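Right, one structure below, let's go through it.
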Amino acid sequence: MTETTDKALKPWQNDLNKNAMSGSEMMMVGLEERLTDGQLDDFQIILSRPWLHTPDESKLRILWCHDLPEEKDMQDFLIAGGWREYHRLVFVSTWQAQRFIERYNIPWERTNVLRNAIEPLEFDFDKKWDFSDPDKEIRFVYHTTPHRGLNLLVPVFEHLASEHKNIHLDVFSSFKIYGWEDSDEQFKPMFDHIQEHENMTYRGNVPNGDLRTYLADHAHVFSYPCTWQETSCRALMEAMSGGLMCVHPNTGALFETAGQFTFQYHFDNDPQRHAAIHHMTLANAIDLIRSNDDGLKAKLSGQKSYADVNYSWEIRMREWEAFLNSLRNLPRKIEKQSDTFTYKVE
């Protein structure tokens with residue numbers, strides 16, 4: 001992660017995200033790296049917390065929303081009509097866009113959906129999914145922040161480990177990805193418990209390149225009993241591209257991101273019932289993997305193709321370029337729209 005504490009902030013940074021490199025920041029950096037020749041010079045793009053930024057009236061203004069509409073400060077900002085300062089609001093899923101539009105009465109035409117993106121993962125698919133050896137270890141992974149369901153997964157996996165041999169869970173999870181290292185303290189007992197278990201390893205926060213290598217070359221199952229309403233999910237996108245069996249509920253935008261290619265189940269808000277459903281789904285996944293089933297391999301191959309096409313930066317950049325070009329001739333000053341409709345015959 002790049003430290004920016006003692007450096008000038010980029011236009012899209014603020015005091016709360018200046019040390020972060022989560023999915024939102026990775027998307028912004030990826031966009032900057034791929035847009036060249038001053039393509040962003042006419043624009044002010046704000047990632048989050050727009051109340052910490054002053055609108056630049058000399059530029060075309062875009063609010064790129066990655067958060068949920070219920071976030072308290074965002075509510076105050078949007079209820080006060082703060083969205084009117086922006087030419088467009090960009091959302092990362094249709095599910096998220098509809099939530100904002102309906103909650104804050106934002107005109108559809110002032111919004112756009114541009115999903116998150118990844119670089120497709122490369123690996124030897126046949127080697128990874130050859131389970132002709134019954135003793136081959138099945139590697140499970142959890143690689144998002146700890147407050148999104150890790151507390152459900154740990155006891156579930158302990159129980160699985162008592163029932164099945166040669167399974168292991170690697171946990172890549174930390175608030176350091178946001179630059180909030182102190183927030184890990186409340187989860188330290190759980191991290192220690194994971195580390196002490198012979199079938200689990202706590203790996204903390206690692207560079208995205210290292211995580212991608214692990215997903216591609218070692219992991220088989222993304223185990224995500226998500227209790228958070230994801231507005232998108234780059235962790236799921238990379239797991240899909242990495243050819244992993246992805247086990248998760250259908251809450252939030254996970255259903256939309258998965259494209260019905262994953263092993264998802266109906267969300268249950270009760271923690272005990274949710275944990276039981278996740279346990280049953282993982283147990284079924286283990287049995288399916290051990291059977292060395294060709295149907296499973298075909299499903300995962302299709303999943304990878306779907307993720308590589310729909311979530312690739314190559315495709316997303318074309319969408320961003322077209323989107324930005326469609327705005328270039330708009331006036332910098334945003335006029336208030338009339339509520340009166342008059343049909344004009346051309």
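Each chain in the structure tokens gets a letter, A, B and so on, in the order shown; residues start at 1 in every chain, and ligands are counted from 1 in the order they appear.
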Please identify all polymer residues within 12 Å of Asp184 of chain A, counting only C-alpha atoms, omitting same-chain residues fewer than 2 positions from it, and present them as an NGL selection string. :A and (145-147 or 173-182 or 186-192 or 204-205)
Please produce a file of those selected residues containing N, CA and C atoms, as a JSON list (two decimals), in the first residue's frame.
[["chain", "number", "residue", "atom", "x", "y", "z"],
["A", 145, "THR", "N", -12.71, -7.79, 4.44],
["A", 145, "THR", "CA", -12.53, -7.26, 5.80],
["A", 145, "THR", "C", -13.26, -8.13, 6.83],
["A", 146, "PRO", "N", -12.78, -8.11, 8.08],
["A", 146, "PRO", "CA", -13.26, -9.08, 9.07],
["A", 146, "PRO", "C", -14.71, -8.90, 9.52],
["A", 147, "HIS", "N", -15.28, -7.72, 9.35],
["A", 147, "HIS", "CA", -16.63, -7.47, 9.86],
["A", 147, "HIS", "C", -17.72, -7.93, 8.91],
["A", 173, "SER", "N", -7.34, -10.81, 5.88],
["A", 173, "SER", "CA", -8.37, -9.90, 6.36],
["A", 173, "SER", "C", -7.80, -8.90, 7.34],
["A", 174, "SER", "N", -8.01, -7.62, 7.05],
["A", 174, "SER", "CA", -7.49, -6.57, 7.93],
["A", 174, "SER", "C", -8.05, -5.23, 7.49],
["A", 175, "PHE", "N", -8.25, -4.35, 8.47],
["A", 175, "PHE", "CA", -8.66, -2.98, 8.15],
["A", 175, "PHE", "C", -7.47, -2.14, 7.69],
["A", 176, "LYS", "N", -6.29, -2.71, 7.64],
["A", 176, "LYS", "CA", -5.13, -1.98, 7.12],
["A", 176, "LYS", "C", -5.36, -1.58, 5.66],
["A", 177, "ILE", "N", -6.23, -2.31, 4.97],
["A", 177, "ILE", "CA", -6.51, -1.99, 3.58],
["A", 177, "ILE", "C", -7.14, -0.61, 3.46],
["A", 178, "TYR", "N", -7.78, -0.14, 4.55],
["A", 178, "TYR", "CA", -8.35, 1.20, 4.58],
["A", 178, "TYR", "C", -7.42, 2.20, 5.26],
["A", 179, "GLY", "N", -6.29, 1.72, 5.77],
["A", 179, "GLY", "CA", -5.42, 2.58, 6.55],
["A", 179, "GLY", "C", -5.89, 2.73, 7.98],
["A", 180, "TRP", "N", -6.78, 1.82, 8.43],
["A", 180, "TRP", "CA", -7.35, 1.89, 9.77],
["A", 180, "TRP", "C", -6.83, 0.74, 10.62],
["A", 181, "GLU", "N", -5.55, 0.68, 10.84],
["A", 181, "GLU", "CA", -4.94, -0.46, 11.53],
["A", 181, "GLU", "C", -5.51, -0.65, 12.93],
["A", 182, "ASP", "N", -5.84, 0.45, 13.62],
["A", 182, "ASP", "CA", -6.37, 0.33, 14.98],
["A", 182, "ASP", "C", -7.70, -0.42, 15.03],
["A", 186, "GLN", "N", -10.13, -5.00, 17.76],
["A", 186, "GLN", "CA", -11.31, -5.70, 18.28],
["A", 186, "GLN", "C", -11.40, -7.13, 17.75],
["A", 187, "PHE", "N", -10.72, -7.40, 16.64],
["A", 187, "PHE", "CA", -10.77, -8.73, 16.04],
["A", 187, "PHE", "C", -9.54, -9.58, 16.38],
["A", 188, "LYS", "N", -8.64, -9.04, 17.16],
["A", 188, "LYS", "CA", -7.39, -9.75, 17.46],
["A", 188, "LYS", "C", -7.63, -11.12, 18.11],
["A", 189, "PRO", "N", -8.57, -11.25, 19.07],
["A", 189, "PRO", "CA", -8.80, -12.60, 19.62],
["A", 189, "PRO", "C", -9.21, -13.61, 18.56],
["A", 190, "MET", "N", -10.01, -13.19, 17.60],
["A", 190, "MET", "CA", -10.41, -14.10, 16.53],
["A", 190, "MET", "C", -9.22, -14.42, 15.62],
["A", 191, "PHE", "N", -8.41, -13.41, 15.29],
["A", 191, "PHE", "CA", -7.22, -13.65, 14.47],
["A", 191, "PHE", "C", -6.28, -14.63, 15.17],
["A", 192, "ASP", "N", -6.10, -14.46, 16.48],
["A", 192, "ASP", "CA", -5.23, -15.36, 17.25],
["A", 192, "ASP", "C", -5.79, -16.78, 17.25],
["A", 204, "GLY", "N", -3.45, -11.84, 7.35],
["A", 204, "GLY", "CA", -3.54, -10.39, 7.42],
["A", 204, "GLY", "C", -3.77, -9.72, 6.08],
["A", 205, "ASN", "N", -3.17, -8.55, 5.92],
["A", 205, "ASN", "CA", -3.30, -7.77, 4.69],
["A", 205, "ASN", "C", -2.04, -7.94, 3.86]]
Determine which residues of segment 12-163 of chain A DSSP labels as strand (DSSP E or B) from the backbone of this structure, then write them out as a list in words.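 Secondary structure check on segment 12-163 of chain A, strand (DSSP E or B): Phe43, Gln44, Ile45, Ile46, Leu60, Arg61, Ile62, Leu63, Trp64, Cys65, Arg88, Leu89, Val90, Phe91, Thr111, Asn112, Val113, Ile118, Ile138, Arg139, Phe140, Val141 and Tyr142 of chain A.
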Which residues of segment 113-190 of chain A sit at most 12 Å from segment 94-106 of chain A, using only C-alpha atoms? Give each one's shortest atom pair and distance in Å (one decimal place), in chain and ascending residue order, as a tab-separated table.
residue	atom	partner	partner_atom	distance
A:Val113	CA	A:Thr94	CA	6.3
A:Leu114	CA	A:Thr94	CA	8.9
A:Arg115	CA	A:Thr94	CA	8.7
A:Asn116	CA	A:Thr94	CA	11.8
So which residues touch Glu158 of chain A within 9 Å, counting only C-alpha atoms, skipping near sequence neighbours fewer than 5 positions away, as a list of chain:residue names?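 Non-adjacent residues within range: A:Leu153, A:Glu163, A:His197, A:Asn199, A:Met200.
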Output file for the selection above: C-alpha atoms, as a tab-separated table (two decimals), in the first residue's frame:
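part_31.tsv, written as the output of this step:
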chain	number	residue	atom	x	y	z
A	153	LEU	CA	-16.98	-18.64	9.03
A	163	GLU	CA	-15.48	-33.85	9.68
A	197	HIS	CA	-5.85	-23.79	14.69
A	199	ASN	CA	-6.34	-26.11	9.75
A	200	MET	CA	-6.41	-22.32	9.54
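Minimum distance to Met27 of chain A across A:Tyr142, A:Tyr311, A:Phe323, A:Trp129 (counting only C-alpha atoms) occurs at A:Tyr311.
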Distance criterion (only C-alpha atoms): nearest to Pro69 of chain A out of A:Asp124, A:Asp56, A:Glu230, A:Glu33: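 Counting only C-alpha atoms, the residue closest to Pro69 of chain A is A:Glu230.
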According to DSSP computed on the backbone, where in segment 162-286 of chain A is there alpha helix (DSSP H)? Give the residues as a PyMOL selection string. chain A and resi 162-163+188-196+208-217+234-241+254-258+271-286
Tell me, as a PDB file with C-alpha atoms, in the first residue's frame, which residues lie within 12 Å of Asn325 of chain A, counting only C-alpha atoms; anything in the same chain fewer than 4 positions away does not count.
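The resulting file, out-v3.pdb, is shown below:
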ATOM      1  CA  GLN A  39      -8.563  12.408 -20.780  1.00  0.00           C
ATOM      2  CA  LEU A  40      -9.392  13.259 -17.157  1.00  0.00           C
ATOM      3  CA  ASP A  42     -11.919  18.154 -17.810  1.00  0.00           C
ATOM      4  CA  PHE A  43     -13.297  16.161 -14.896  1.00  0.00           C
ATOM      5  CA  LEU A  60     -17.422  18.354 -15.175  1.00  0.00           C
ATOM      6  CA  ARG A 318     -14.065   1.340 -23.285  1.00  0.00           C
ATOM      7  CA  GLU A 319     -17.173   2.019 -21.220  1.00  0.00           C
ATOM      8  CA  TRP A 320     -15.446   4.758 -19.214  1.00  0.00           C
ATOM      9  CA  GLU A 321     -14.075   6.438 -22.337  1.00  0.00           C
ATOM     10  CA  ASN A 329     -20.004  19.146 -24.215  1.00  0.00           C
ATOM     11  CA  LEU A 330     -22.139  19.680 -21.125  1.00  0.00           C
TER      12      LEU A 330
END
